[in-house]
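Enquirer: Input entry_13.txt, format and content: compact mmCIF, C-alpha atoms.
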# COMPACT_ATOMS: atom_id res chain seq x y z
CA MET W 24 81.97 -6.18 -105.85
CA GLY W 25 84.27 -7.35 -103.07
CA SER W 26 87.94 -6.57 -102.57
CA VAL W 27 89.90 -5.33 -105.57
CA HIS W 28 92.38 -7.83 -107.04
CA TYR W 29 93.18 -6.45 -110.50
CA PHE W 30 92.79 -2.97 -111.94
CA LEU W 31 94.13 -1.58 -115.23
CA GLY W 32 96.87 -4.20 -115.36
CA ILE W 33 97.86 -3.65 -111.72
CA GLU W 34 97.54 -6.60 -109.36
CA VAL W 35 96.39 -5.75 -105.82
CA GLN W 36 97.38 -8.19 -103.08
CA SER W 37 96.34 -7.78 -99.44
CA THR W 38 99.05 -8.24 -96.82
CA SER W 39 99.10 -8.11 -93.03
CA MET W 40 100.48 -4.56 -93.21
CA GLY W 41 98.47 -3.14 -96.11
CA LEU W 42 98.50 -3.66 -99.88
CA MET W 43 101.02 -4.81 -102.47
CA LEU W 44 100.64 -3.29 -105.94
CA ARG W 45 102.32 -5.33 -108.67
CA GLN W 46 102.43 -5.61 -112.46
CA HIS W 47 103.85 -9.12 -112.57
CA LYS W 48 101.88 -10.39 -115.56
CA TYR W 49 102.41 -7.12 -117.43
CA THR W 50 106.16 -7.40 -116.84
CA LEU W 51 106.24 -10.95 -118.17
CA ASP W 52 104.22 -9.86 -121.21
CA ILE W 53 106.81 -7.16 -121.99
CA LEU W 54 109.66 -9.66 -121.64
CA THR W 55 107.88 -12.14 -123.90
CA TRP W 56 107.16 -9.43 -126.47
CA ALA W 57 110.81 -8.37 -126.46
CA GLY W 58 111.99 -11.99 -126.75
CA MET W 59 113.86 -11.78 -123.42
CA LEU W 60 111.83 -14.03 -121.14
CA SER W 61 114.82 -16.37 -120.75
CA CYS W 62 117.51 -13.68 -120.49
CA LYS W 63 120.10 -13.56 -117.71
CA PRO W 64 119.03 -11.18 -114.89
CA VAL W 65 121.17 -8.29 -113.62
CA ASP W 66 121.10 -6.51 -110.27
CA SER W 67 120.42 -2.93 -111.44
CA PRO W 68 118.51 -1.37 -114.35
CA ILE W 69 121.29 0.92 -115.61
CA SER W 70 125.08 0.83 -115.66
CA THR W 71 127.16 3.34 -113.71
CA SER W 72 129.68 3.57 -116.57
CA LYS W 73 130.13 7.07 -117.94
CA ALA W 74 128.58 7.57 -121.38
CA THR W 75 130.71 8.84 -124.25
CA ILE W 76 129.67 10.41 -127.53
CA LEU W 77 130.84 8.08 -130.29
CA PRO W 78 129.55 7.33 -133.79
CA ASP W 79 126.65 4.99 -133.22
CA PRO W 80 124.42 3.46 -135.93
CA LEU W 81 120.68 3.93 -135.69
CA PHE W 82 118.74 1.00 -134.27
CA SER W 83 117.27 -1.09 -137.07
CA ASP W 84 113.70 -1.18 -135.66
CA ALA W 85 112.85 2.22 -134.17
CA THR W 86 109.14 1.34 -133.92
CA ARG W 87 109.87 -1.70 -131.75
CA PHE W 88 112.13 0.44 -129.55
CA ARG W 89 109.37 3.02 -129.03
CA GLN W 90 106.73 0.37 -128.31
CA ILE W 91 108.81 -1.38 -125.65
CA VAL W 92 109.95 1.86 -124.00
CA GLY W 93 106.34 3.10 -123.99
CA ALA W 94 105.30 -0.13 -122.25
CA LEU W 95 108.06 0.36 -119.68
CA GLN W 96 106.72 3.83 -118.90
CA TYR W 97 103.43 2.32 -117.69
CA LEU W 98 105.42 -0.08 -115.51
CA THR W 99 106.91 2.82 -113.54
CA PHE W 100 103.49 3.27 -111.88
CA THR W 101 104.42 0.49 -109.44
CA ARG W 102 108.19 0.34 -110.03
CA PRO W 103 109.87 3.61 -109.02
CA ASP W 104 113.19 1.74 -109.05
CA ILE W 105 113.27 1.80 -112.87
CA CYS W 106 112.04 5.38 -113.22
CA PHE W 107 115.48 6.92 -113.89
CA ALA W 108 116.53 4.27 -116.39
CA VAL W 109 113.24 4.50 -118.31
CA ASN W 110 113.43 8.29 -118.40
CA ARG W 111 116.93 8.00 -119.80
CA VAL W 112 115.90 5.88 -122.81
CA CYS W 113 112.74 7.97 -123.35
CA GLN W 114 114.99 10.87 -124.32
CA PHE W 115 116.00 9.09 -127.53
CA MET W 116 112.63 8.05 -128.92
CA HIS W 117 113.11 10.23 -132.03
CA ALA W 118 116.29 8.47 -133.19
CA PRO W 119 117.27 5.44 -131.09
CA THR W 120 120.68 3.91 -131.69
CA ASP W 121 122.17 0.49 -131.03
CA SER W 122 123.66 1.68 -127.72
CA HIS W 123 120.24 2.93 -126.59
CA TRP W 124 118.80 -0.51 -127.32
CA VAL W 125 121.54 -2.02 -125.13
CA VAL W 126 120.28 0.18 -122.25
CA VAL W 127 116.70 -1.00 -122.85
CA LYS W 128 117.86 -4.63 -122.79
CA ARG W 129 119.58 -4.05 -119.46
CA ILE W 130 116.31 -2.70 -118.00
CA LEU W 131 114.56 -5.82 -119.27
CA ARG W 132 117.24 -8.07 -117.79
CA TYR W 133 116.78 -6.33 -114.44
CA LEU W 134 113.02 -6.82 -114.65
CA ARG W 135 113.51 -10.51 -115.42
CA GLY W 136 115.05 -10.97 -111.99
CA THR W 137 112.53 -8.74 -110.18
CA ALA W 138 109.32 -9.39 -112.14
CA SER W 139 107.38 -10.26 -108.99
CA HIS W 140 108.42 -7.11 -107.09
CA GLY W 141 105.83 -4.46 -106.33
CA LEU W 142 105.06 -1.34 -104.35
CA HIS W 143 104.15 -1.98 -100.72
CA ILE W 144 101.54 0.39 -99.30
CA THR W 145 101.35 0.18 -95.53
CA ARG W 146 98.70 1.25 -93.04
CA SER W 147 99.47 4.22 -90.82
CA SER W 148 97.69 6.46 -88.36
CA SER W 149 100.03 9.36 -89.12
CA PHE W 150 99.08 11.82 -91.87
CA ALA W 151 102.31 13.53 -92.87
CA LEU W 152 103.82 14.51 -96.20
CA HIS W 153 107.55 14.69 -96.74
CA GLY W 154 109.64 14.72 -99.86
CA PHE W 155 113.18 14.34 -101.20
CA THR W 156 114.68 16.23 -104.15
CA ASP W 157 117.98 15.80 -105.95
CA ALA W 158 119.75 16.74 -109.18
CA ASP W 159 122.80 15.49 -111.06
CA TRP W 160 124.42 18.60 -112.49
CA ALA W 161 125.27 18.63 -116.24
CA SER W 162 124.86 14.86 -116.39
CA SER W 163 123.81 14.70 -120.04
CA VAL W 164 126.86 14.34 -122.29
CA GLU W 165 124.73 15.35 -125.29
CA ASP W 166 123.73 18.85 -124.13
CA ARG W 167 125.03 19.18 -120.54
CA LYS W 168 121.57 19.58 -119.08
CA SER W 169 121.00 18.26 -115.59
CA THR W 170 118.72 15.46 -114.46
CA GLY W 171 116.44 16.17 -111.53
CA GLY W 172 114.10 14.03 -109.52
CA TYR W 173 111.82 14.00 -106.51
CA LEU W 174 110.15 11.46 -104.25
CA VAL W 175 107.15 12.22 -102.02
CA PHE W 176 106.03 10.05 -99.10
CA PHE W 177 102.68 9.95 -97.35
CA ASP W 178 103.96 8.81 -93.96
CA GLN W 179 106.02 5.70 -94.88
CA THR W 180 104.58 5.06 -98.35
CA PRO W 181 105.93 6.66 -101.55
CA ILE W 182 103.01 8.15 -103.48
CA SER W 183 104.66 10.34 -106.13
CA TRP W 184 107.99 10.30 -107.92
CA LYS W 185 109.60 11.74 -111.02
CA SER W 186 112.86 11.68 -112.94
CA SER W 187 113.38 14.12 -115.82
CA LYS W 188 115.97 16.11 -117.69
CA GLN W 189 115.77 19.80 -116.88
CA ARG W 190 114.74 22.12 -119.72
CA THR W 191 117.61 24.60 -119.36
CA VAL W 192 121.34 24.28 -118.78
CA ALA W 193 122.21 25.06 -115.16
CA ARG W 194 125.32 27.15 -114.56
CA SER W 195 126.01 25.58 -111.17
CA SER W 196 125.12 22.51 -109.15
CA THR W 197 123.17 24.73 -106.76
CA GLU W 198 121.01 26.02 -109.61
CA ALA W 199 120.28 22.47 -110.77
CA GLU W 200 119.41 21.41 -107.22
CA TYR W 201 117.19 24.46 -106.74
CA LYS W 202 115.26 23.66 -109.90
CA ALA W 203 114.69 20.11 -108.63
CA LEU W 204 113.63 21.58 -105.28
CA ALA W 205 111.10 23.83 -107.05
CA ASP W 206 109.63 20.87 -108.92
CA GLY W 207 109.38 18.83 -105.72
CA THR W 208 107.79 21.76 -103.89
CA ALA W 209 105.11 22.15 -106.56
CA GLU W 210 104.27 18.44 -106.30
CA VAL W 211 104.10 18.46 -102.50
CA ILE W 212 101.84 21.52 -102.46
CA TRP W 213 99.49 19.96 -105.03
CA LEU W 214 99.31 16.72 -103.03
CA GLN W 215 98.66 18.68 -99.87
CA TYR W 216 95.70 20.49 -101.44
CA LEU W 217 94.38 17.16 -102.77
CA LEU W 218 94.54 15.53 -99.34
CA ILE W 219 92.90 18.54 -97.70
CA ASP W 220 90.01 18.13 -100.17
CA LEU W 221 89.76 14.54 -98.90
CA GLN W 222 89.32 15.92 -95.34
CA ILE W 223 92.86 15.03 -94.24
CA SER W 224 94.43 17.66 -92.00
CA PHE W 225 98.12 18.23 -91.30
CA ALA W 226 99.63 19.05 -87.92
CA SER W 227 102.66 20.75 -89.48
CA ALA W 228 103.98 21.94 -92.83
CA PRO W 229 105.45 19.22 -95.10
CA ILE W 230 109.24 18.83 -95.02
CA ILE W 231 111.34 18.59 -98.18
CA TRP W 232 114.83 17.17 -97.78
CA CYS W 233 117.62 18.53 -99.99
CA ASP W 234 121.29 17.52 -99.91
CA ASN W 235 122.62 20.83 -101.31
CA LEU W 236 123.34 23.51 -98.71
CA GLY W 237 123.28 26.32 -101.29
CA ALA W 238 119.77 25.42 -102.48
CA THR W 239 118.63 25.10 -98.86
CA TYR W 240 119.95 28.57 -98.03
CA PHE W 241 118.35 30.12 -101.13
CA SER W 242 114.93 28.91 -100.01
CA ALA W 243 115.12 30.93 -96.79
CA ASN W 244 117.57 33.79 -97.31
CA PRO W 245 116.60 36.42 -99.94
CA VAL W 246 120.06 38.05 -99.70
CA PHE W 247 121.47 35.24 -101.81
CA HIS W 248 119.07 35.93 -104.67
CA ALA W 249 121.00 38.98 -105.85
CA ARG W 250 123.83 36.62 -106.77
CA THR W 251 121.63 34.26 -108.78
CA LYS W 252 119.65 36.49 -111.12
CA HIS W 253 120.29 34.07 -113.98
CA VAL W 254 118.07 31.52 -112.21
CA GLU W 255 114.56 31.46 -113.65
CA VAL W 256 112.06 33.57 -111.68
CA ASP W 257 109.66 30.67 -111.16
CA TYR W 258 112.27 28.84 -109.06
CA HIS W 259 111.88 31.50 -106.39
CA PHE W 260 108.32 30.57 -105.58
CA VAL W 261 109.95 28.05 -103.22
CA ARG W 262 111.11 30.88 -100.95
CA ASP W 263 107.62 32.39 -100.97
CA ARG W 264 106.15 29.09 -99.81
CA VAL W 265 108.77 28.84 -97.08
CA ALA W 266 108.05 32.43 -95.98
CA LYS W 267 104.33 31.58 -95.76
CA LYS W 268 105.24 28.49 -93.70
CA GLU W 269 103.51 26.19 -96.16
CA ILE W 270 106.60 23.97 -96.47
CA GLN W 271 109.88 23.40 -94.65
CA ILE W 272 113.20 22.88 -96.42
CA ARG W 273 115.74 20.80 -94.52
CA PHE W 274 119.26 19.63 -95.32
CA ILE W 275 120.02 15.92 -95.50
CA SER W 276 123.24 14.03 -96.08
CA SER W 277 123.81 12.72 -99.60
CA ARG W 278 124.09 9.16 -98.30
CA ASP W 279 120.50 9.42 -96.99
CA GLN W 280 119.08 11.23 -100.03
CA LEU W 281 116.43 8.86 -101.40
CA ALA W 282 115.92 10.96 -104.54
CA ASP W 283 119.44 9.95 -105.68
CA VAL W 284 117.90 6.95 -107.39
CA PHE W 285 115.89 9.32 -109.64
CA SER W 286 118.78 11.51 -110.77
CA LYS W 287 121.76 9.25 -111.42
CA PRO W 288 122.83 5.62 -111.88
CA LEU W 289 123.93 4.03 -108.60
CA PRO W 290 126.26 1.14 -107.71
CA THR W 291 124.41 -2.12 -107.11
CA SER W 292 124.83 -2.05 -103.32
CA SER W 293 123.49 1.50 -103.03
CA PHE W 294 120.70 0.83 -105.51
CA THR W 295 119.53 -2.25 -103.60
CA ALA W 296 119.49 -0.32 -100.31
CA PHE W 297 117.52 2.54 -101.87
CA ARG W 298 115.06 0.10 -103.46
CA LEU W 299 114.16 -1.25 -100.02
CA LYS W 300 113.53 2.28 -98.77
CA LEU W 301 111.30 2.89 -101.79
CA ARG W 302 109.14 0.00 -100.52
CA VAL W 303 109.67 -1.99 -103.72
CA ASP W 304 109.61 -5.52 -102.35
CA PRO W 305 109.06 -9.10 -103.52
CA PRO W 306 105.63 -10.55 -102.69
CA PRO W 307 105.12 -11.63 -99.05
CA SER W 308 105.17 -15.31 -99.99
CA ALA W 309 108.62 -14.99 -101.60
Would you mind writing the file out in structure tokens?

Expert:
Amino acid sequence: MGSVHYFLGIEVQSTSMGLMLRQHKYTLDILTWAGMLSCKPVDSPISTSKATILPDPLFSDATRFRQIVGALQYLTFTRPDICFAVNRVCQFMHAPTDSHWVVVKRILRYLRGTASHGLHITRSSSFALHGFTDADWASSVEDRKSTGGYLVFFDQTPISWKSSKQRTVARSSTEAEYKALADGTAEVIWLQYLLIDLQISFASAPIIWCDNLGATYFSANPVFHARTKHVEVDYHFVRDRVAKKEIQIRFISSRDQLADVFSKPLPTSSFTAFRLKLRVDPPPSA
């Protein structure tokens, strides 16, 4: 059938370094559907302003809100840069308000300026998995639950990412970070087993980078666990994997933590820098 060019709404473009996966037409269709094809672009998908709980009327067309947000979810397959913002508005599907619609419109305005961007998959002779995990403690003003996220690379290409609100309220930033670390560990282990089934071998255990020293220590030192009995038992499977040498947990500075973009809104300059590291680029001809 020849080289793939279009699959399930995803455009595949060959480049000198590998492949570019884009959803350009799909993005324009969403903008047209929302009546924002001629809107003014912005540089980031979500504002860094702190949210406040104020009386806010329900959005007049909840069905339209859900349809557009659902369409944006599919767009995150090739646009990890909007993953946090889309997850944020997904939390209010049951009763969207006018302020939630304002957030959706900002995502659409960001997409208007970056509609041609896509995920760049590059060739590599190195088979290595490494991941980043991060959490923003008690970030939700509605229930004080934390937002966690992870990003997994196969050599230089991001292949898995997630942003989600944690199910339970964390009593410390370390607990929130450890929960995010557990989620990232589970994803890395699953991907490792998948790649092994595809006859890909690994020279060393995958590395997961965490910017919280407390969470890093908990993964290797069981003495600390006596002080954190309130942490769910399933979080501690991370330490078991470390003890079996199936993964390595390393500390990384917050300024180099790529998973930041999945756990909190960032200033435009930081967001743009992180987007480049996520390999979300304009097409080669741009």

Enquirer: Skipping near chain neighbours, those fewer than 5 positions away, what residues fall within 7 Å of stretch 59-70 of chain W using all atoms listed in the file, listed as a PDB file with C-alpha atoms, keeping the file's coordinate frame?

Expert:
ATOM      1  CA  LEU W  54     109.660  -9.660-121.640  1.00  0.00           C
ATOM      2  CA  ILE W 105     113.270   1.800-112.870  1.00  0.00           C
ATOM      3  CA  ALA W 108     116.530   4.270-116.390  1.00  0.00           C
ATOM      4  CA  VAL W 126     120.280   0.180-122.250  1.00  0.00           C
ATOM      5  CA  ARG W 129     119.580  -4.050-119.460  1.00  0.00           C
ATOM      6  CA  ILE W 130     116.310  -2.700-118.000  1.00  0.00           C
ATOM      7  CA  ARG W 132     117.240  -8.070-117.790  1.00  0.00           C
ATOM      8  CA  TYR W 133     116.780  -6.330-114.440  1.00  0.00           C
ATOM      9  CA  ARG W 135     113.510 -10.510-115.420  1.00  0.00           C
ATOM     10  CA  GLY W 136     115.050 -10.970-111.990  1.00  0.00           C
ATOM     11  CA  PRO W 288     122.830   5.620-111.880  1.00  0.00           C
ATOM     12  CA  THR W 291     124.410  -2.120-107.110  1.00  0.00           C
TER      13      THR W 291
END

Enquirer: Work out how far atom CA of W:Asn110 is from atom CA of W:Asp52, in Å to one decimal.

Expert: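 Interatomic distance, atom CA of W:Asp52 to atom CA of W:Asn110: 20.5 Å.
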
Enquirer: Given the choices W:Glu200, W:Val109, W:Ser83, W:Ser39, which gets closest to W:Lys128 if the distance is worked out from all atoms listed in the file?

Expert: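 With all atoms listed in the file as the atom set, the closest residue is W:Val109.
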
Enquirer: Pick from W:Gln189, W:Gln215, W:Thr55, W:Gln96: nearest to W:Glu269, with all atoms listed in the file counted?

Expert: W:Gln215

Enquirer: Could you check how far atom CA of W:Arg89 sits from atom CA of W:Ser162, in Å to one decimal?

Expert: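 Calculated distance between atom CA of W:Arg89 and atom CA of W:Ser162 is 23.2 Å.
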
Enquirer: With distances taken over only C-alpha atoms, which of W:Val92, W:Leu131, W:Ile33, W:Ala151 is nearest to W:Ile230?

Expert: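 Going through W:Val92, W:Leu131, W:Ile33, W:Ala151 one by one, the smallest distance to W:Ile230 is for W:Ala151.
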
Enquirer: Compare W:Ala138, W:Ala85, W:Leu51, W:Leu152 by their minimum atom-to-atom distance to W:His123, counting all atoms listed in the file, and give me the closest one.

Expert: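 Checking each of W:Ala138, W:Ala85, W:Leu51, W:Leu152 against W:His123, counting all atoms listed in the file, the winner is W:Ala85.
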
Enquirer: When you look at W:Pro305 with a cut-off of 8 Å (counting only C-alpha atoms), what residues show up, excluding the ones that are within fewer than 2 positions of it in the same chain? I need them as an MDAnalysis selection string.

Expert: chainID W and resid 137 139:141 303 307 309

Enquirer: Could you check how far atom CA of W:Ser149 sits from atom CA of W:Ser293, in Å to one decimal?

Expert: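 Atom-to-atom, atom CA of W:Ser149 to atom CA of W:Ser293, that is 28.4 Å.
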
Enquirer: So which residues touch W:Ser242 within 10 Å, counting all atoms listed in the file, skipping near sequence neighbours fewer than 5 positions away, as a PyMOL selection string?

Expert: chain W and resi 201+204-205+237+247-248+258-266+271-273

Enquirer: Using all atoms listed in the file, can you tell me which of W:Glu165, W:Asp234, W:Asp178, W:Asp220 comes closest to W:Thr197?

Expert: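 Comparing W:Glu165, W:Asp234, W:Asp178, W:Asp220 against W:Thr197, the winner is W:Asp234.
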
Enquirer: Would you compute an axis-aligned box for stretch 159-177 of chain W, covering every atom listed for it in the file with 4 Å of margin on each side, and report centre and edge lengths in Å to one decimal as JSON?

Expert:
{"center_x": 114.8, "center_y": 14.8, "center_z": -111.3, "size_x": 32.2, "size_y": 17.6, "size_z": 35.9}

Enquirer: For W:Phe285, which residue out of W:Gly171, W:Gly58, W:Pro119, W:Gly41 is the nearest one, using all atoms listed in the file?

Expert: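 For W:Phe285, the nearest of the candidates is W:Gly171.
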
Enquirer: Please identify all polymer residues lying at most 9 Å from the point (124.2, 6.9, -110.5) (file coordinates), using all atoms listed in the file, and present the result as an MDAnalysis selection string.

Expert: chainID W and resid 69:72 159 283:290 294

Enquirer: For a cutoff of 8 Å around the file-coordinate point (104.1, -5.4, -126.2), which residues qualify once you count only C-alpha atoms? I'd like the result as an mmCIF file with C-alpha atoms, in the coordinates of the input.

Expert:
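See selection36.cif below for the written result:
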data_model
loop_
_atom_site.group_PDB
_atom_site.id
_atom_site.type_symbol
_atom_site.label_atom_id
_atom_site.label_comp_id
_atom_site.auth_asym_id
_atom_site.auth_seq_id
_atom_site.Cartn_x
_atom_site.Cartn_y
_atom_site.Cartn_z
ATOM 1 C CA ASP W 52 104.220 -9.860 -121.210
ATOM 2 C CA ILE W 53 106.810 -7.160 -121.990
ATOM 3 C CA TRP W 56 107.160 -9.430 -126.470
ATOM 4 C CA ALA W 57 110.810 -8.370 -126.460
ATOM 5 C CA GLN W 90 106.730 0.370 -128.310
ATOM 6 C CA ILE W 91 108.810 -1.380 -125.650
ATOM 7 C CA ALA W 94 105.300 -0.130 -122.250
#

Enquirer: Would you mind listing what lies within 10 Å of W:Asp84 as JSON, numbers by chain, with only C-alpha atoms counted and same-chain residues fewer than 6 positions away left out?

Expert: {"W": [119, 120, 121, 124]}

Enquirer: Would you write out those residues with C-alpha atoms, as a short mmCIF file (atom, residue, chain, number, x, y, z; two decimals), in the frame of the given file?

Expert:
data_model
loop_
_atom_site.label_atom_id
_atom_site.label_comp_id
_atom_site.auth_asym_id
_atom_site.auth_seq_id
_atom_site.Cartn_x
_atom_site.Cartn_y
_atom_site.Cartn_z
CA PRO W 119 117.27 5.44 -131.09
CA THR W 120 120.68 3.91 -131.69
CA ASP W 121 122.17 0.49 -131.03
CA TRP W 124 118.80 -0.51 -127.32
#

Enquirer: Counting only C-alpha atoms, what is within 8 Å of W:Gln280, bar same-chain residues fewer than 2 positions away, as a PyMOL selection string?

Expert: chain W and resi 155-157+232-234+275-278+282-283

Enquirer: Kindly add N, CA and C atoms to the incomplete stretch 44-61 of chain W and provide the output as a PDB file, in the frame of the given file.

Expert:
ATOM      1  N   LEU W  44     101.016  -3.563-104.558  1.00  0.00           N
ATOM      2  CA  LEU W  44     100.640  -3.290-105.940  1.00  0.00           C
ATOM      3  C   LEU W  44     101.725  -3.821-106.858  1.00  0.00           C
ATOM      4  N   ARG W  45     101.334  -4.713-107.778  1.00  0.00           N
ATOM      5  CA  ARG W  45     102.320  -5.330-108.670  1.00  0.00           C
ATOM      6  C   ARG W  45     101.816  -5.319-110.106  1.00  0.00           C
ATOM      7  N   GLN W  46     102.758  -5.430-111.042  1.00  0.00           N
ATOM      8  CA  GLN W  46     102.430  -5.610-112.460  1.00  0.00           C
ATOM      9  C   GLN W  46     103.211  -6.807-112.986  1.00  0.00           C
ATOM     10  N   HIS W  47     103.073  -7.924-112.263  1.00  0.00           N
ATOM     11  CA  HIS W  47     103.850  -9.120-112.570  1.00  0.00           C
ATOM     12  C   HIS W  47     103.534  -9.651-113.976  1.00  0.00           C
ATOM     13  N   LYS W  48     102.260  -9.859-114.258  1.00  0.00           N
ATOM     14  CA  LYS W  48     101.880 -10.390-115.560  1.00  0.00           C
ATOM     15  C   LYS W  48     102.262  -9.413-116.679  1.00  0.00           C
ATOM     16  N   TYR W  49     102.062  -8.132-116.434  1.00  0.00           N
ATOM     17  CA  TYR W  49     102.410  -7.120-117.430  1.00  0.00           C
ATOM     18  C   TYR W  49     103.904  -7.142-117.723  1.00  0.00           C
ATOM     19  N   THR W  50     104.710  -7.318-116.671  1.00  0.00           N
ATOM     20  CA  THR W  50     106.160  -7.400-116.840  1.00  0.00           C
ATOM     21  C   THR W  50     106.546  -8.598-117.695  1.00  0.00           C
ATOM     22  N   LEU W  51     105.948  -9.743-117.395  1.00  0.00           N
ATOM     23  CA  LEU W  51     106.240 -10.950-118.170  1.00  0.00           C
ATOM     24  C   LEU W  51     105.792 -10.804-119.619  1.00  0.00           C
ATOM     25  N   ASP W  52     104.686 -10.110-119.846  1.00  0.00           N
ATOM     26  CA  ASP W  52     104.220  -9.860-121.210  1.00  0.00           C
ATOM     27  C   ASP W  52     105.225  -9.016-121.990  1.00  0.00           C
ATOM     28  N   ILE W  53     105.809  -7.999-121.334  1.00  0.00           N
ATOM     29  CA  ILE W  53     106.810  -7.160-121.990  1.00  0.00           C
ATOM     30  C   ILE W  53     108.041  -7.995-122.343  1.00  0.00           C
ATOM     31  N   LEU W  54     108.486  -8.824-121.401  1.00  0.00           N
ATOM     32  CA  LEU W  54     109.660  -9.660-121.640  1.00  0.00           C
ATOM     33  C   LEU W  54     109.423 -10.644-122.776  1.00  0.00           C
ATOM     34  N   THR W  55     108.220 -11.210-122.817  1.00  0.00           N
ATOM     35  CA  THR W  55     107.880 -12.140-123.900  1.00  0.00           C
ATOM     36  C   THR W  55     107.857 -11.414-125.232  1.00  0.00           C
ATOM     37  N   TRP W  56     107.254 -10.243-125.259  1.00  0.00           N
ATOM     38  CA  TRP W  56     107.160  -9.430-126.470  1.00  0.00           C
ATOM     39  C   TRP W  56     108.550  -9.054-126.995  1.00  0.00           C
ATOM     40  N   ALA W  57     109.456  -8.766-126.063  1.00  0.00           N
ATOM     41  CA  ALA W  57     110.810  -8.370-126.460  1.00  0.00           C
ATOM     42  C   ALA W  57     111.713  -9.570-126.739  1.00  0.00           C
ATOM     43  N   GLY W  58     111.195 -10.789-126.517  1.00  0.00           N
ATOM     44  CA  GLY W  58     111.990 -11.990-126.750  1.00  0.00           C
ATOM     45  C   GLY W  58     113.081 -12.177-125.709  1.00  0.00           C
ATOM     46  N   MET W  59     112.837 -11.707-124.456  1.00  0.00           N
ATOM     47  CA  MET W  59     113.860 -11.780-123.420  1.00  0.00           C
ATOM     48  C   MET W  59     113.358 -12.464-122.153  1.00  0.00           C
ATOM     49  N   LEU W  60     112.382 -13.336-122.306  1.00  0.00           N
ATOM     50  CA  LEU W  60     111.830 -14.030-121.140  1.00  0.00           C
ATOM     51  C   LEU W  60     112.849 -14.963-120.506  1.00  0.00           C
ATOM     52  N   SER W  61     113.808 -15.454-121.284  1.00  0.00           N
ATOM     53  CA  SER W  61     114.820 -16.370-120.750  1.00  0.00           C
ATOM     54  C   SER W  61     116.188 -15.719-120.629  1.00  0.00           C
TER      55      SER W  61
END
